[in-house]
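Asker: Dumping the structure here so I can ask a few things about it.
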Amino acid sequence: ETGVTQTPRHLVMGMTNKKSLKCEQHLGHNAMYWYKQSAKKPLELMFVYSLEERVENNSVPSRFSPECPNSSHLFLHLHTLQPEDSALYLCASSQEAGVNTEAFFGQGTRLTVV
Amino acid sequence: AQSVTQLGSHVSVSEGALVLLRCNYSSSVPPYLFWYVQYPNQGLQLLLKYTSAATLVKGINGFEAEFKKSETSFHLTKPSAHMSDAAEYFCAVRRPYGQNFVFGPGTRLSVLP
């Protein structure tokens with residue numbers, strides 16, 4: 001248990017569906033991240049929120065839409081996805097700066113697009 | 001810009017043998033460095049971190065790593081491999097006052113009986 005909870009753990013969706021991934025942390029962190037992990041590819045940073053403002057958007061297609069309503073919650077809204085979007089989506093949180101600056105990861109959501 | 005390279009996408013060792021996983025980084029400023037472990041269908045778990053204190057860092061599960069500035073390296077070692085060490089290992093770098101973590105491509109460790 002890392003203190004970062006992701007739901008759901010598994011998701012199967014059709015290409016025309018709309019779904020959302022949820023991430024919650026109660027560690028008092030002020031930065032939150034979405035990563036995509038595909039088979040045989042490095043971890044891809046998708047979005048970074050710091051103090052609830054988006055500070056990084058790594059050329060992610062608009063079919064992925066993040067939302068950070070407060071410092072404890074992060075969502076990833078999905079619509080009209082493609083099969084190549086199937087992957088493990090990882091949420092993480094950290095303090096923005098300081099000595100204790102490691103990222104804490106959730107268990108991930110295994111997404112399958114059919 | 002920061003980057004991380006991990007030599008060897010797959011490393012196999014026998015149970016009880018030394019584990020050595022290599023990590024080299026590039027950074028314009030002295031970075032923070034991390035090793036994470038990932039078991040199948042799980043998130044990443046922190047093994048250890050270097051944040052400019054002692055250069056030899058001890059982590060969980062008997063792992064340790066040494067920061068060598070002259071070699072820009074942060075290799076992970078364990079004296080004696082256990083079957084439960086079989087997993088994917090990621091090295092990561094972060095600037096002290098930056099937000100982003102840059103991860104290496106990972107090394108899959110197999111432990112043979």
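By convention in this document, the chains of the structure tokens carry letters A, B, ... by their order, each chain's residues are numbered from 1, and ligands are numbered from 1 in the order they are shown.
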May I have the residues within 7 Å of region 74-88 of chain B as number ranges by chain, using only C-alpha atoms and disregarding those fewer than 6 positions away in the same chain?
Answerer: B: 15-24, 37-39, 62-68, 106-111
Asker: Create the file for the chosen residues now, containing N, CA, C and O atoms and written as an mmCIF file, in the first residue's frame.
Answerer:
data_model
loop_
_atom_site.group_PDB
_atom_site.id
_atom_site.type_symbol
_atom_site.label_atom_id
_atom_site.label_comp_id
_atom_site.auth_asym_id
_atom_site.auth_seq_id
_atom_site.Cartn_x
_atom_site.Cartn_y
_atom_site.Cartn_z
ATOM 1 N N GLU B 15 20.201 -17.983 -8.388
ATOM 2 C CA GLU B 15 19.851 -17.712 -6.996
ATOM 3 C C GLU B 15 21.115 -17.766 -6.148
ATOM 4 O O GLU B 15 21.931 -18.686 -6.278
ATOM 5 N N GLY B 16 21.298 -16.738 -5.301
ATOM 6 C CA GLY B 16 22.484 -16.659 -4.462
ATOM 7 C C GLY B 16 23.629 -15.890 -5.075
ATOM 8 O O GLY B 16 24.599 -15.554 -4.381
ATOM 9 N N ALA B 17 23.534 -15.569 -6.360
ATOM 10 C CA ALA B 17 24.604 -14.830 -7.038
ATOM 11 C C ALA B 17 24.420 -13.329 -6.851
ATOM 12 O O ALA B 17 23.353 -12.845 -6.473
ATOM 13 N N LEU B 18 25.484 -12.605 -7.161
ATOM 14 C CA LEU B 18 25.454 -11.146 -7.077
ATOM 15 C C LEU B 18 24.528 -10.570 -8.154
ATOM 16 O O LEU B 18 24.554 -10.999 -9.312
ATOM 17 N N VAL B 19 23.747 -9.572 -7.757
ATOM 18 C CA VAL B 19 22.922 -8.836 -8.705
ATOM 19 C C VAL B 19 23.580 -7.484 -8.961
ATOM 20 O O VAL B 19 23.935 -6.772 -8.015
ATOM 21 N N LEU B 20 23.761 -7.142 -10.233
ATOM 22 C CA LEU B 20 24.288 -5.829 -10.613
ATOM 23 C C LEU B 20 23.450 -5.298 -11.765
ATOM 24 O O LEU B 20 23.446 -5.872 -12.853
ATOM 25 N N LEU B 21 22.722 -4.225 -11.508
ATOM 26 C CA LEU B 21 21.922 -3.576 -12.550
ATOM 27 C C LEU B 21 22.488 -2.179 -12.747
ATOM 28 O O LEU B 21 22.639 -1.422 -11.805
ATOM 29 N N ARG B 22 22.766 -1.859 -14.011
ATOM 30 C CA ARG B 22 23.499 -0.621 -14.308
ATOM 31 C C ARG B 22 22.581 0.538 -14.675
ATOM 32 O O ARG B 22 21.582 0.348 -15.372
ATOM 33 N N CYS B 23 22.969 1.719 -14.204
ATOM 34 C CA CYS B 23 22.233 2.941 -14.499
ATOM 35 C C CYS B 23 23.234 4.074 -14.685
ATOM 36 O O CYS B 23 24.091 4.294 -13.829
ATOM 37 N N ASN B 24 23.124 4.761 -15.801
ATOM 38 C CA ASN B 24 23.901 5.970 -16.035
ATOM 39 C C ASN B 24 22.948 7.096 -16.374
ATOM 40 O O ASN B 24 21.919 6.883 -17.003
ATOM 41 N N VAL B 37 11.213 -0.776 -8.255
ATOM 42 C CA VAL B 37 10.968 -2.144 -8.698
ATOM 43 C C VAL B 37 9.488 -2.281 -9.049
ATOM 44 O O VAL B 37 8.628 -1.652 -8.421
ATOM 45 N N GLN B 38 9.226 -3.066 -10.092
ATOM 46 C CA GLN B 38 7.844 -3.295 -10.508
ATOM 47 C C GLN B 38 7.612 -4.782 -10.701
ATOM 48 O O GLN B 38 8.300 -5.423 -11.514
ATOM 49 N N TYR B 39 6.641 -5.325 -9.994
ATOM 50 C CA TYR B 39 6.214 -6.702 -10.186
ATOM 51 C C TYR B 39 5.072 -6.709 -11.197
ATOM 52 O O TYR B 39 4.408 -5.669 -11.393
ATOM 53 N N GLY B 62 17.525 -5.675 0.885
ATOM 54 C CA GLY B 62 18.952 -5.947 0.768
ATOM 55 C C GLY B 62 19.659 -5.272 -0.396
ATOM 56 O O GLY B 62 20.825 -5.535 -0.661
ATOM 57 N N PHE B 63 18.971 -4.416 -1.114
ATOM 58 C CA PHE B 63 19.577 -3.699 -2.232
ATOM 59 C C PHE B 63 20.325 -2.465 -1.754
ATOM 60 O O PHE B 63 19.976 -1.863 -0.745
ATOM 61 N N GLU B 64 21.349 -2.102 -2.507
ATOM 62 C CA GLU B 64 22.046 -0.847 -2.282
ATOM 63 C C GLU B 64 22.548 -0.306 -3.609
ATOM 64 O O GLU B 64 22.613 -1.031 -4.601
ATOM 65 N N ALA B 65 22.874 0.981 -3.611
ATOM 66 C CA ALA B 65 23.375 1.619 -4.828
ATOM 67 C C ALA B 65 24.396 2.669 -4.426
ATOM 68 O O ALA B 65 24.310 3.263 -3.355
ATOM 69 N N GLU B 66 25.353 2.889 -5.318
ATOM 70 C CA GLU B 66 26.394 3.870 -5.055
ATOM 71 C C GLU B 66 26.371 4.957 -6.113
ATOM 72 O O GLU B 66 26.418 4.659 -7.319
ATOM 73 N N PHE B 67 26.296 6.192 -5.663
ATOM 74 C CA PHE B 67 26.343 7.335 -6.561
ATOM 75 C C PHE B 67 27.800 7.659 -6.857
ATOM 76 O O PHE B 67 28.581 7.907 -5.935
ATOM 77 N N LYS B 68 28.171 7.638 -8.132
ATOM 78 C CA LYS B 68 29.529 7.987 -8.551
ATOM 79 C C LYS B 68 29.437 9.138 -9.542
ATOM 80 O O LYS B 68 29.137 8.935 -10.729
ATOM 81 N N GLY B 106 14.231 0.490 -18.139
ATOM 82 C CA GLY B 106 13.980 -0.676 -17.302
ATOM 83 C C GLY B 106 14.879 -1.852 -17.628
ATOM 84 O O GLY B 106 15.336 -2.013 -18.766
ATOM 85 N N THR B 107 15.144 -2.664 -16.610
ATOM 86 C CA THR B 107 15.876 -3.919 -16.761
ATOM 87 C C THR B 107 15.069 -5.013 -16.100
ATOM 88 O O THR B 107 14.706 -4.893 -14.928
ATOM 89 N N ARG B 108 14.793 -6.059 -16.876
ATOM 90 C CA ARG B 108 14.071 -7.190 -16.306
ATOM 91 C C ARG B 108 15.061 -8.176 -15.715
ATOM 92 O O ARG B 108 15.977 -8.635 -16.409
ATOM 93 N N LEU B 109 14.901 -8.443 -14.433
ATOM 94 C CA LEU B 109 15.790 -9.367 -13.733
ATOM 95 C C LEU B 109 15.119 -10.725 -13.606
ATOM 96 O O LEU B 109 14.008 -10.824 -13.093
ATOM 97 N N SER B 110 15.793 -11.747 -14.097
ATOM 98 C CA SER B 110 15.352 -13.128 -13.903
ATOM 99 C C SER B 110 16.308 -13.802 -12.929
ATOM 100 O O SER B 110 17.522 -13.599 -13.007
ATOM 101 N N VAL B 111 15.763 -14.601 -12.030
ATOM 102 C CA VAL B 111 16.587 -15.332 -11.066
ATOM 103 C C VAL B 111 16.371 -16.821 -11.309
ATOM 104 O O VAL B 111 15.240 -17.315 -11.194
#
Asker: Chain B near chain A within 10 Å: what's each residue's closest atom pair and its distance in Å to one decimal, counting only C-alpha atoms, ordered by chain then ascending residue number, as JSON lines?
Answerer:
{"residue": "B:Ser9", "atom": "CA", "partner": "A:Lys40", "partner_atom": "CA", "distance": 9.6}
{"residue": "B:Tyr32", "atom": "CA", "partner": "A:Thr101", "partner_atom": "CA", "distance": 8.3}
{"residue": "B:Leu33", "atom": "CA", "partner": "A:Glu102", "partner_atom": "CA", "distance": 8.9}
{"residue": "B:Phe34", "atom": "CA", "partner": "A:Glu102", "partner_atom": "CA", "distance": 7.5}
{"residue": "B:Trp35", "atom": "CA", "partner": "A:Glu102", "partner_atom": "CA", "distance": 9.8}
{"residue": "B:Tyr36", "atom": "CA", "partner": "A:Ala103", "partner_atom": "CA", "distance": 9.7}
{"residue": "B:Gln38", "atom": "CA", "partner": "A:Gln107", "partner_atom": "CA", "distance": 9.8}
{"residue": "B:Asn41", "atom": "CA", "partner": "A:Gly108", "partner_atom": "CA", "distance": 7.5}
{"residue": "B:Gln42", "atom": "CA", "partner": "A:Gln107", "partner_atom": "CA", "distance": 4.9}
{"residue": "B:Gly43", "atom": "CA", "partner": "A:Gln107", "partner_atom": "CA", "distance": 4.1}
{"residue": "B:Leu44", "atom": "CA", "partner": "A:Phe105", "partner_atom": "CA", "distance": 5.7}
{"residue": "B:Gln45", "atom": "CA", "partner": "A:Phe105", "partner_atom": "CA", "distance": 6.9}
{"residue": "B:Leu46", "atom": "CA", "partner": "A:Phe104", "partner_atom": "CA", "distance": 7.6}
{"residue": "B:Leu48", "atom": "CA", "partner": "A:Glu102", "partner_atom": "CA", "distance": 9.2}
{"residue": "B:Lys49", "atom": "CA", "partner": "A:Glu102", "partner_atom": "CA", "distance": 7.5}
{"residue": "B:Tyr50", "atom": "CA", "partner": "A:Val99", "partner_atom": "CA", "distance": 9.5}
{"residue": "B:Thr51", "atom": "CA", "partner": "A:Val99", "partner_atom": "CA", "distance": 6.4}
{"residue": "B:Ser52", "atom": "CA", "partner": "A:Val99", "partner_atom": "CA", "distance": 8.9}
{"residue": "B:Ala53", "atom": "CA", "partner": "A:Val99", "partner_atom": "CA", "distance": 9.9}
{"residue": "B:Phe90", "atom": "CA", "partner": "A:Leu43", "partner_atom": "CA", "distance": 9.4}
{"residue": "B:Ala92", "atom": "CA", "partner": "A:Glu102", "partner_atom": "CA", "distance": 9.7}
{"residue": "B:Val93", "atom": "CA", "partner": "A:Glu102", "partner_atom": "CA", "distance": 9.8}
{"residue": "B:Arg94", "atom": "CA", "partner": "A:Thr101", "partner_atom": "CA", "distance": 8.6}
{"residue": "B:Arg95", "atom": "CA", "partner": "A:Ala97", "partner_atom": "CA", "distance": 9.0}
{"residue": "B:Pro96", "atom": "CA", "partner": "A:Ala97", "partner_atom": "CA", "distance": 6.6}
{"residue": "B:Tyr97", "atom": "CA", "partner": "A:Ala97", "partner_atom": "CA", "distance": 5.0}
{"residue": "B:Gly98", "atom": "CA", "partner": "A:Ala97", "partner_atom": "CA", "distance": 6.7}
{"residue": "B:Gln99", "atom": "CA", "partner": "A:Glu96", "partner_atom": "CA", "distance": 5.7}
{"residue": "B:Asn100", "atom": "CA", "partner": "A:Val48", "partner_atom": "CA", "distance": 7.7}
{"residue": "B:Phe101", "atom": "CA", "partner": "A:Ala103", "partner_atom": "CA", "distance": 8.0}
{"residue": "B:Val102", "atom": "CA", "partner": "A:Leu45", "partner_atom": "CA", "distance": 8.3}
{"residue": "B:Phe103", "atom": "CA", "partner": "A:Leu43", "partner_atom": "CA", "distance": 6.6}
{"residue": "B:Gly104", "atom": "CA", "partner": "A:Pro42", "partner_atom": "CA", "distance": 6.9}
{"residue": "B:Pro105", "atom": "CA", "partner": "A:Pro42", "partner_atom": "CA", "distance": 4.5}
{"residue": "B:Gly106", "atom": "CA", "partner": "A:Pro42", "partner_atom": "CA", "distance": 7.1}
Asker: Give the strand (DSSP E or B) residues of chain B, as DSSP finds them on the backbone, and put them as a ChimeraX atom specification.
Answerer: /B:3-5,10-14,19-21,24-26,32-38,44-50,56-58,64-68,73-78,87-94,102-103,107-112
Asker: Keeping only C-alpha atoms, write the selected residues to a file as an mmCIF file, in the first residue's frame.
Answerer:
data_model
loop_
_atom_site.group_PDB
_atom_site.id
_atom_site.type_symbol
_atom_site.label_atom_id
_atom_site.label_comp_id
_atom_site.auth_asym_id
_atom_site.auth_seq_id
_atom_site.Cartn_x
_atom_site.Cartn_y
_atom_site.Cartn_z
ATOM 1 C CA SER B 3 18.245 11.273 -19.436
ATOM 2 C CA VAL B 4 18.756 7.815 -18.003
ATOM 3 C CA THR B 5 20.234 4.748 -19.629
ATOM 4 C CA HIS B 10 17.281 -8.312 -19.418
ATOM 5 C CA VAL B 11 19.662 -9.694 -16.805
ATOM 6 C CA SER B 12 19.677 -13.284 -15.571
ATOM 7 C CA VAL B 13 21.435 -14.439 -12.417
ATOM 8 C CA SER B 14 21.436 -17.639 -10.429
ATOM 9 C CA VAL B 19 22.922 -8.836 -8.705
ATOM 10 C CA LEU B 20 24.288 -5.829 -10.613
ATOM 11 C CA LEU B 21 21.922 -3.576 -12.550
ATOM 12 C CA ASN B 24 23.901 5.970 -16.035
ATOM 13 C CA TYR B 25 22.399 9.414 -16.138
ATOM 14 C CA SER B 26 22.962 12.791 -17.653
ATOM 15 C CA TYR B 32 18.268 13.143 -7.187
ATOM 16 C CA LEU B 33 18.403 9.482 -8.231
ATOM 17 C CA PHE B 34 16.020 6.637 -7.574
ATOM 18 C CA TRP B 35 15.621 2.921 -8.118
ATOM 19 C CA TYR B 36 12.142 1.456 -8.390
ATOM 20 C CA VAL B 37 10.968 -2.144 -8.698
ATOM 21 C CA GLN B 38 7.844 -3.295 -10.508
ATOM 22 C CA LEU B 44 6.359 0.996 -9.126
ATOM 23 C CA GLN B 45 7.739 0.666 -5.609
ATOM 24 C CA LEU B 46 10.677 2.696 -4.353
ATOM 25 C CA LEU B 47 13.756 0.618 -3.538
ATOM 26 C CA LEU B 48 16.106 3.441 -2.598
ATOM 27 C CA LYS B 49 17.002 7.046 -3.339
ATOM 28 C CA TYR B 50 20.023 9.324 -3.457
ATOM 29 C CA LEU B 56 26.272 4.685 -0.754
ATOM 30 C CA VAL B 57 22.574 4.236 -0.271
ATOM 31 C CA LYS B 58 20.905 1.234 1.303
ATOM 32 C CA GLU B 64 22.046 -0.847 -2.282
ATOM 33 C CA ALA B 65 23.375 1.619 -4.828
ATOM 34 C CA GLU B 66 26.394 3.870 -5.055
ATOM 35 C CA PHE B 67 26.343 7.335 -6.561
ATOM 36 C CA LYS B 68 29.529 7.987 -8.551
ATOM 37 C CA SER B 73 26.430 6.235 -12.520
ATOM 38 C CA PHE B 74 24.059 4.855 -9.905
ATOM 39 C CA HIS B 75 24.312 1.078 -10.205
ATOM 40 C CA LEU B 76 22.090 -1.178 -8.106
ATOM 41 C CA THR B 77 23.552 -4.209 -6.345
ATOM 42 C CA LYS B 78 22.505 -7.027 -4.072
ATOM 43 C CA ALA B 87 10.938 -8.208 -11.445
ATOM 44 C CA GLU B 88 11.446 -5.122 -13.605
ATOM 45 C CA TYR B 89 13.797 -2.467 -12.227
ATOM 46 C CA PHE B 90 13.738 1.194 -13.192
ATOM 47 C CA CYS B 91 16.303 3.893 -12.547
ATOM 48 C CA ALA B 92 15.008 7.472 -12.433
ATOM 49 C CA VAL B 93 16.444 10.970 -12.151
ATOM 50 C CA ARG B 94 14.939 14.221 -10.970
ATOM 51 C CA VAL B 102 12.775 10.853 -16.005
ATOM 52 C CA PHE B 103 12.803 7.063 -16.048
ATOM 53 C CA THR B 107 15.876 -3.919 -16.761
ATOM 54 C CA ARG B 108 14.071 -7.190 -16.306
ATOM 55 C CA LEU B 109 15.790 -9.367 -13.733
ATOM 56 C CA SER B 110 15.352 -13.128 -13.903
ATOM 57 C CA VAL B 111 16.587 -15.332 -11.066
ATOM 58 C CA LEU B 112 17.358 -18.909 -11.991
#
Asker: List the neighbours of Met46 (chain A) out to 9 Å using only C-alpha atoms; skip same-chain residues closer than 4 positions along the sequence, and give me the result as a list in words.
Answerer: Tyr33, Trp34, Tyr35, Lys36, Glu56, Asn57, Asn58, Ser59 and Val60 of chain A
Asker: Would you output that residue set with all heavy atoms, as a PDB file, in the first residue's frame?
Answerer:
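Saved as result-v6.pdb:
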ATOM      1  N   TYR A  33       0.844  12.923 -11.267  1.00  0.00           N
ATOM      2  CA  TYR A  33       1.329  12.563 -12.600  1.00  0.00           C
ATOM      3  C   TYR A  33       0.489  11.430 -13.187  1.00  0.00           C
ATOM      4  O   TYR A  33       0.033  10.551 -12.460  1.00  0.00           O
ATOM      5  CB  TYR A  33       2.772  12.043 -12.518  1.00  0.00           C
ATOM      6  CG  TYR A  33       3.737  12.875 -11.719  1.00  0.00           C
ATOM      7  CD1 TYR A  33       3.729  12.837 -10.337  1.00  0.00           C
ATOM      8  CD2 TYR A  33       4.678  13.671 -12.362  1.00  0.00           C
ATOM      9  CE1 TYR A  33       4.623  13.593  -9.590  1.00  0.00           C
ATOM     10  CE2 TYR A  33       5.587  14.428 -11.617  1.00  0.00           C
ATOM     11  CZ  TYR A  33       5.554  14.384 -10.238  1.00  0.00           C
ATOM     12  OH  TYR A  33       6.446  15.131  -9.520  1.00  0.00           O
ATOM     13  N   TRP A  34       0.348  11.444 -14.506  1.00  0.00           N
ATOM     14  CA  TRP A  34      -0.137  10.289 -15.251  1.00  0.00           C
ATOM     15  C   TRP A  34       0.992   9.783 -16.141  1.00  0.00           C
ATOM     16  O   TRP A  34       1.607  10.559 -16.883  1.00  0.00           O
ATOM     17  CB  TRP A  34      -1.330  10.633 -16.138  1.00  0.00           C
ATOM     18  CG  TRP A  34      -2.653  10.691 -15.447  1.00  0.00           C
ATOM     19  CD1 TRP A  34      -3.460  11.774 -15.301  1.00  0.00           C
ATOM     20  CD2 TRP A  34      -3.356   9.606 -14.820  1.00  0.00           C
ATOM     21  NE1 TRP A  34      -4.605  11.446 -14.609  1.00  0.00           N
ATOM     22  CE2 TRP A  34      -4.561  10.122 -14.303  1.00  0.00           C
ATOM     23  CE3 TRP A  34      -3.082   8.243 -14.634  1.00  0.00           C
ATOM     24  CZ2 TRP A  34      -5.509   9.339 -13.623  1.00  0.00           C
ATOM     25  CZ3 TRP A  34      -4.007   7.466 -13.962  1.00  0.00           C
ATOM     26  CH2 TRP A  34      -5.198   8.012 -13.460  1.00  0.00           C
ATOM     27  N   TYR A  35       1.234   8.460 -16.070  1.00  0.00           N
ATOM     28  CA  TYR A  35       2.193   7.795 -16.936  1.00  0.00           C
ATOM     29  C   TYR A  35       1.467   6.706 -17.718  1.00  0.00           C
ATOM     30  O   TYR A  35       0.548   6.068 -17.213  1.00  0.00           O
ATOM     31  CB  TYR A  35       3.309   7.125 -16.136  1.00  0.00           C
ATOM     32  CG  TYR A  35       4.332   8.057 -15.554  1.00  0.00           C
ATOM     33  CD1 TYR A  35       4.155   8.612 -14.294  1.00  0.00           C
ATOM     34  CD2 TYR A  35       5.500   8.361 -16.237  1.00  0.00           C
ATOM     35  CE1 TYR A  35       5.108   9.458 -13.738  1.00  0.00           C
ATOM     36  CE2 TYR A  35       6.466   9.198 -15.694  1.00  0.00           C
ATOM     37  CZ  TYR A  35       6.257   9.743 -14.448  1.00  0.00           C
ATOM     38  OH  TYR A  35       7.209  10.572 -13.908  1.00  0.00           O
ATOM     39  N   LYS A  36       1.965   6.453 -18.925  1.00  0.00           N
ATOM     40  CA  LYS A  36       1.488   5.337 -19.723  1.00  0.00           C
ATOM     41  C   LYS A  36       2.624   4.334 -19.843  1.00  0.00           C
ATOM     42  O   LYS A  36       3.763   4.700 -20.161  1.00  0.00           O
ATOM     43  CB  LYS A  36       1.077   5.809 -21.120  1.00  0.00           C
ATOM     44  CG  LYS A  36       0.656   4.685 -22.057  1.00  0.00           C
ATOM     45  CD  LYS A  36       0.334   5.219 -23.447  1.00  0.00           C
ATOM     46  CE  LYS A  36      -0.049   4.098 -24.401  1.00  0.00           C
ATOM     47  NZ  LYS A  36      -0.301   4.608 -25.783  1.00  0.00           N
ATOM     48  N   GLU A  56       2.607  20.203 -17.378  1.00  0.00           N
ATOM     49  CA  GLU A  56       3.261  19.419 -18.417  1.00  0.00           C
ATOM     50  C   GLU A  56       2.198  18.653 -19.187  1.00  0.00           C
ATOM     51  O   GLU A  56       1.315  18.033 -18.609  1.00  0.00           O
ATOM     52  CB  GLU A  56       4.238  18.417 -17.790  1.00  0.00           C
ATOM     53  CG  GLU A  56       5.053  17.608 -18.781  1.00  0.00           C
ATOM     54  CD  GLU A  56       6.421  18.198 -19.038  1.00  0.00           C
ATOM     55  OE1 GLU A  56       6.824  19.099 -18.281  1.00  0.00           O
ATOM     56  OE2 GLU A  56       7.085  17.752 -19.970  1.00  0.00           O
ATOM     57  N   ASN A  57       2.319  18.725 -20.513  1.00  0.00           N
ATOM     58  CA  ASN A  57       1.445  17.960 -21.388  1.00  0.00           C
ATOM     59  C   ASN A  57       2.333  17.481 -22.521  1.00  0.00           C
ATOM     60  O   ASN A  57       2.671  18.256 -23.420  1.00  0.00           O
ATOM     61  CB  ASN A  57       0.302  18.836 -21.909  1.00  0.00           C
ATOM     62  CG  ASN A  57      -0.605  18.075 -22.875  1.00  0.00           C
ATOM     63  OD1 ASN A  57      -0.277  16.994 -23.363  1.00  0.00           O
ATOM     64  ND2 ASN A  57      -1.747  18.647 -23.166  1.00  0.00           N
ATOM     65  N   ASN A  58       2.723  16.225 -22.458  1.00  0.00           N
ATOM     66  CA  ASN A  58       3.734  15.720 -23.384  1.00  0.00           C
ATOM     67  C   ASN A  58       3.136  15.263 -24.704  1.00  0.00           C
ATOM     68  O   ASN A  58       3.180  14.090 -25.033  1.00  0.00           O
ATOM     69  CB  ASN A  58       4.520  14.584 -22.721  1.00  0.00           C
ATOM     70  CG  ASN A  58       5.616  15.115 -21.835  1.00  0.00           C
ATOM     71  OD1 ASN A  58       5.864  16.299 -21.793  1.00  0.00           O
ATOM     72  ND2 ASN A  58       6.267  14.224 -21.113  1.00  0.00           N
ATOM     73  N   SER A  59       2.567  16.187 -25.451  1.00  0.00           N
ATOM     74  CA  SER A  59       2.040  15.878 -26.786  1.00  0.00           C
ATOM     75  C   SER A  59       1.099  14.691 -26.757  1.00  0.00           C
ATOM     76  O   SER A  59       1.188  13.789 -27.595  1.00  0.00           O
ATOM     77  CB  SER A  59       3.203  15.600 -27.754  1.00  0.00           C
ATOM     78  OG  SER A  59       4.081  16.688 -27.803  1.00  0.00           O
ATOM     79  N   VAL A  60       0.236  14.698 -25.790  1.00  0.00           N
ATOM     80  CA  VAL A  60      -0.715  13.601 -25.648  1.00  0.00           C
ATOM     81  C   VAL A  60      -1.950  13.903 -26.518  1.00  0.00           C
ATOM     82  O   VAL A  60      -2.435  15.036 -26.526  1.00  0.00           O
ATOM     83  CB  VAL A  60      -1.136  13.446 -24.178  1.00  0.00           C
ATOM     84  CG1 VAL A  60      -2.170  12.341 -24.025  1.00  0.00           C
ATOM     85  CG2 VAL A  60       0.084  13.172 -23.315  1.00  0.00           C
TER      86      VAL A  60
END
Asker: What is the distance, in Å and to one decimal place, between CA of Pro31 (chain B) and CA of Ala1 (chain B)?
Answerer: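 About the pair CA of Pro31 (chain B) and CA of Ala1 (chain B): they are 11.5 Å apart.
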Asker: With only C-alpha atoms as the atoms that count, which of A:Asp85, A:Thr80, A:His73, A:Val113 lies nearest to Thr16 (chain A)?
Answerer: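 Closest to Thr16 (chain A), using only C-alpha atoms: A:Thr80.
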Asker: Find the spatial neighbours of Gly28 (chain A), counting only C-alpha atoms, within a cut-off of 8 Å - ignore same-chain residues fewer than 3 positions away - and output them as number ranges by chain.
Answerer: A: 25, 71-72, 95
Asker: Using only N, CA, C and O atoms, please write the residues we just selected to a file, as a short mmCIF file (atom, residue, chain, number, x, y, z; two decimals), in the first residue's frame.
Answerer:
data_model
loop_
_atom_site.label_atom_id
_atom_site.label_comp_id
_atom_site.auth_asym_id
_atom_site.auth_seq_id
_atom_site.Cartn_x
_atom_site.Cartn_y
_atom_site.Cartn_z
N GLN A 25 -4.84 10.36 -3.69
CA GLN A 25 -3.72 10.24 -2.74
C GLN A 25 -4.02 11.04 -1.49
O GLN A 25 -4.60 12.13 -1.57
N SER A 71 -5.96 18.81 -4.78
CA SER A 71 -4.61 18.23 -4.68
C SER A 71 -4.62 16.74 -4.38
O SER A 71 -3.59 16.09 -4.49
N SER A 72 -5.76 16.19 -4.01
CA SER A 72 -5.82 14.78 -3.65
C SER A 72 -6.35 13.88 -4.76
O SER A 72 -6.24 12.66 -4.66
N GLN A 95 5.97 15.26 -3.52
CA GLN A 95 6.13 16.65 -3.14
C GLN A 95 6.81 17.38 -4.29
O GLN A 95 7.62 16.79 -5.02
#
Asker: From the options A:Phe75, A:Ser62, A:Asn70, A:Ser86, which residue's atoms come nearest to Gly14 (chain A), counting only C-alpha atoms?
Answerer: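 The answer is A:Ser86, which sits nearest to Gly14 (chain A).
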Asker: Ranking A:Glu67, A:Glu53, A:Glu84, A:Glu24 by minimum distance to Thr7 (chain A) and counting only C-alpha atoms, which one comes first?
Answerer: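 Looking at the shortest contact to Thr7 (chain A), the residue is A:Glu24.
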